[in-house]
Amino acid sequence: MKKISLIICVGLIFIFLFGCGKSNQIPSYDFDESEYKYVPYEDLVRNPDDYIDKPIQTSGTVRFIISDGEQYSVRGLRNGNGDEFDILYEPGIVSGRLIEGDFVFVNCVFLGIDSGCPYGWATKIDVI
């Protein structure tokens, strides 16, 4: 019995040390342009599990941008109804630089809801 307990403890320690770190890798998604579909905000917040890891489209006005050097995030992409959506992205997918007040169309992969706000990983951002 002690041997089994020791094996389980060693296994848990191994998982904790090597399997629980936050990855700094930038996600890679390979969806065809035609797979991105507009999903109403209400559907995302009411049924988020139906859309996680699925390609969606959104649009709105950039409220503010945060950078950690490698990745950027648009906090509070606001649509015409006042609903907000957060976007994470690599700067290379945008020609030029996003600034507050830009109106953008975004293809992204829906990642879920955080603090009541839907968010996704952008694969394409067009500034209008």
# chains A, B, ... in the order shown; residues from 1 in each chain; ligands from 1

$ residues_around --residues "region 28-35 of chain A" --least-positions-apart "2" --cutoff "8 Å" --atoms "only C-alpha atoms" --output "list in words"
Ile26, Lys37, Pro55, Ile56, Val109 and Thr123 of chain A

$ residues_around --residues "Pro91 (chain A)" --least-positions-apart "5" --cutoff "9 Å" --atoms "only C-alpha atoms" --output "list of chain:residue names"
A:Glu70, A:Gln71, A:Tyr72, A:Gly96, A:Arg97, A:Leu98

$ closest_residue --among "A:Val127, A:Ile52, A:Ile99, A:Val106" --to "Ile87 (chain A)" --atoms "only C-alpha atoms"
A:Val106

$ residues_around --residues "Asp53 (chain A)" --least-positions-apart "3" --cutoff "9 Å" --atoms "only C-alpha atoms" --output "list of chain:residue names"
A:Val109, A:Phe110, A:Leu111, A:Gly112, A:Gly120

$ write_last_selection --atoms "N, CA and C atoms" --output "CSV table (one decimal), in the first residue's frame"
chain,number,residue,atom,x,y,z
A,109,VAL,N,-11.3,33.7,-32.5
A,109,VAL,CA,-11.7,32.5,-31.9
A,109,VAL,C,-12.3,32.8,-30.5
A,110,PHE,N,-13.5,32.4,-30.3
A,110,PHE,CA,-14.1,32.7,-29.0
A,110,PHE,C,-13.5,31.9,-27.9
A,111,LEU,N,-13.0,32.5,-26.8
A,111,LEU,CA,-12.4,31.8,-25.7
A,111,LEU,C,-13.2,31.6,-24.5
A,112,GLY,N,-14.2,32.5,-24.3
A,112,GLY,CA,-15.0,32.3,-23.1
A,112,GLY,C,-15.5,33.7,-22.6
A,120,GLY,N,-11.9,36.9,-27.0
A,120,GLY,CA,-11.5,36.0,-28.0
A,120,GLY,C,-10.1,36.3,-28.5

$ residues_around --residues "Asp126 (chain A)" --least-positions-apart "6" --cutoff "8 Å" --atoms "only C-alpha atoms" --output "PDB file with C-alpha atoms, in the first residue's frame"
ATOM      1  CA  VAL A  94      -2.942  44.590 -37.895  1.00  0.00           C
ATOM      2  CA  VAL A 104     -12.691  47.548 -36.325  1.00  0.00           C
ATOM      3  CA  PHE A 105     -14.036  44.323 -37.779  1.00  0.00           C
ATOM      4  CA  VAL A 106     -12.501  41.281 -36.079  1.00  0.00           C
TER       5      VAL A 106
END

$ atom_distance --atom1 "CA of Tyr41 (chain A)" --atom2 "CA of Leu77 (chain A)"
11.8 Å

$ select_by_dssp --residues "region 46-83 of chain A" --states "strand (DSSP E)" --output "short mmCIF file (atom, residue, chain, number, x, y, z; two decimals) with N, CA and C atoms, in the first residue's frame"
data_model
loop_
_atom_site.label_atom_id
_atom_site.label_comp_id
_atom_site.auth_asym_id
_atom_site.auth_seq_id
_atom_site.Cartn_x
_atom_site.Cartn_y
_atom_site.Cartn_z
N PRO A 55 -14.78 29.82 -34.55
CA PRO A 55 -14.49 31.11 -35.21
C PRO A 55 -15.74 31.99 -35.25
N ILE A 56 -15.59 33.22 -34.81
CA ILE A 56 -16.70 34.17 -34.84
C ILE A 56 -16.21 35.52 -35.37
N GLN A 57 -17.16 36.38 -35.69
CA GLN A 57 -16.85 37.75 -36.11
C GLN A 57 -17.49 38.72 -35.12
N THR A 58 -16.82 39.82 -34.90
CA THR A 58 -17.39 40.89 -34.09
C THR A 58 -16.87 42.22 -34.63
N SER A 59 -17.46 43.28 -34.18
CA SER A 59 -17.00 44.61 -34.60
C SER A 59 -17.34 45.59 -33.50
N GLY A 60 -16.66 46.72 -33.54
CA GLY A 60 -16.94 47.76 -32.56
C GLY A 60 -15.85 48.80 -32.52
N THR A 61 -15.99 49.70 -31.58
CA THR A 61 -15.03 50.79 -31.39
C THR A 61 -14.06 50.42 -30.27
N PHE A 64 -9.83 50.96 -25.26
CA PHE A 64 -8.43 51.14 -24.90
C PHE A 64 -7.65 49.86 -25.14
N ILE A 65 -6.32 49.98 -25.21
CA ILE A 65 -5.44 48.88 -25.58
C ILE A 65 -4.39 48.69 -24.49
N ILE A 66 -4.10 47.43 -24.19
CA ILE A 66 -3.07 47.09 -23.21
C ILE A 66 -2.05 46.20 -23.91
N SER A 67 -0.76 46.38 -23.60
CA SER A 67 0.31 45.58 -24.21
C SER A 67 1.20 44.98 -23.14
N TYR A 72 -1.07 41.97 -27.44
CA TYR A 72 -1.86 43.14 -27.11
C TYR A 72 -3.27 42.68 -26.79
N SER A 73 -3.99 43.51 -26.11
CA SER A 73 -5.40 43.23 -25.94
C SER A 73 -6.19 44.51 -26.07
N VAL A 74 -7.32 44.38 -26.74
CA VAL A 74 -8.27 45.47 -26.85
C VAL A 74 -9.27 45.23 -25.73
N ARG A 75 -9.30 46.12 -24.80
CA ARG A 75 -10.25 46.00 -23.69
C ARG A 75 -11.46 46.85 -24.02
N GLY A 76 -12.61 46.22 -24.01
CA GLY A 76 -13.83 46.97 -24.22
C GLY A 76 -14.07 47.38 -25.65
N LEU A 77 -14.00 46.43 -26.58
CA LEU A 77 -14.42 46.70 -27.95
C LEU A 77 -15.93 46.88 -27.88
N ARG A 78 -16.41 48.08 -28.08
CA ARG A 78 -17.82 48.38 -27.84
C ARG A 78 -18.60 48.45 -29.14
#

$ atom_distance --atom1 "CA of Gly116 (chain A)" --atom2 "CA of Tyr36 (chain A)"
23.0 Å

$ atom_distance --atom1 "CA of Glu84 (chain A)" --atom2 "CA of Tyr51 (chain A)"
16.7 Å

$ closest_residue --among "A:Ile128, A:Asn107, A:Asp68, A:Pro118" --to "Asn47 (chain A)" --atoms "only C-alpha atoms"
A:Pro118

$ select_by_dssp --residues "region 35-73 of chain A" --states "alpha helix (DSSP H)" --output "MDAnalysis selection string"
chainID A and resid 41:46

$ write_last_selection --atoms "N, CA and C atoms" --output "PDB file, in the first residue's frame"
ATOM      1  N   TYR A  41     -24.194  39.144 -29.594  1.00  0.00           N
ATOM      2  CA  TYR A  41     -23.628  39.263 -28.250  1.00  0.00           C
ATOM      3  C   TYR A  41     -24.463  38.469 -27.235  1.00  0.00           C
ATOM      4  N   GLU A  42     -25.774  38.578 -27.315  1.00  0.00           N
ATOM      5  CA  GLU A  42     -26.650  37.899 -26.367  1.00  0.00           C
ATOM      6  C   GLU A  42     -26.446  36.388 -26.398  1.00  0.00           C
ATOM      7  N   ASP A  43     -26.229  35.827 -27.597  1.00  0.00           N
ATOM      8  CA  ASP A  43     -25.980  34.385 -27.709  1.00  0.00           C
ATOM      9  C   ASP A  43     -24.660  34.005 -27.048  1.00  0.00           C
ATOM     10  N   LEU A  44     -23.636  34.842 -27.214  1.00  0.00           N
ATOM     11  CA  LEU A  44     -22.333  34.545 -26.604  1.00  0.00           C
ATOM     12  C   LEU A  44     -22.413  34.524 -25.083  1.00  0.00           C
ATOM     13  N   VAL A  45     -23.094  35.508 -24.503  1.00  0.00           N
ATOM     14  CA  VAL A  45     -23.129  35.581 -23.042  1.00  0.00           C
ATOM     15  C   VAL A  45     -24.131  34.605 -22.431  1.00  0.00           C
ATOM     16  N   ARG A  46     -25.168  34.254 -23.164  1.00  0.00           N
ATOM     17  CA  ARG A  46     -26.141  33.293 -22.625  1.00  0.00           C
ATOM     18  C   ARG A  46     -25.700  31.841 -22.811  1.00  0.00           C
TER      19      ARG A  46
END

$ closest_residue --among "A:Lys54, A:Pro40, A:Val62, A:Asp86" --to "Asp114 (chain A)" --atoms "only C-alpha atoms"
A:Asp86

$ closest_residue --among "A:Ile113, A:Cys108, A:Ala122, A:Arg63" --to "Tyr38 (chain A)" --atoms "only C-alpha atoms"
A:Cys108
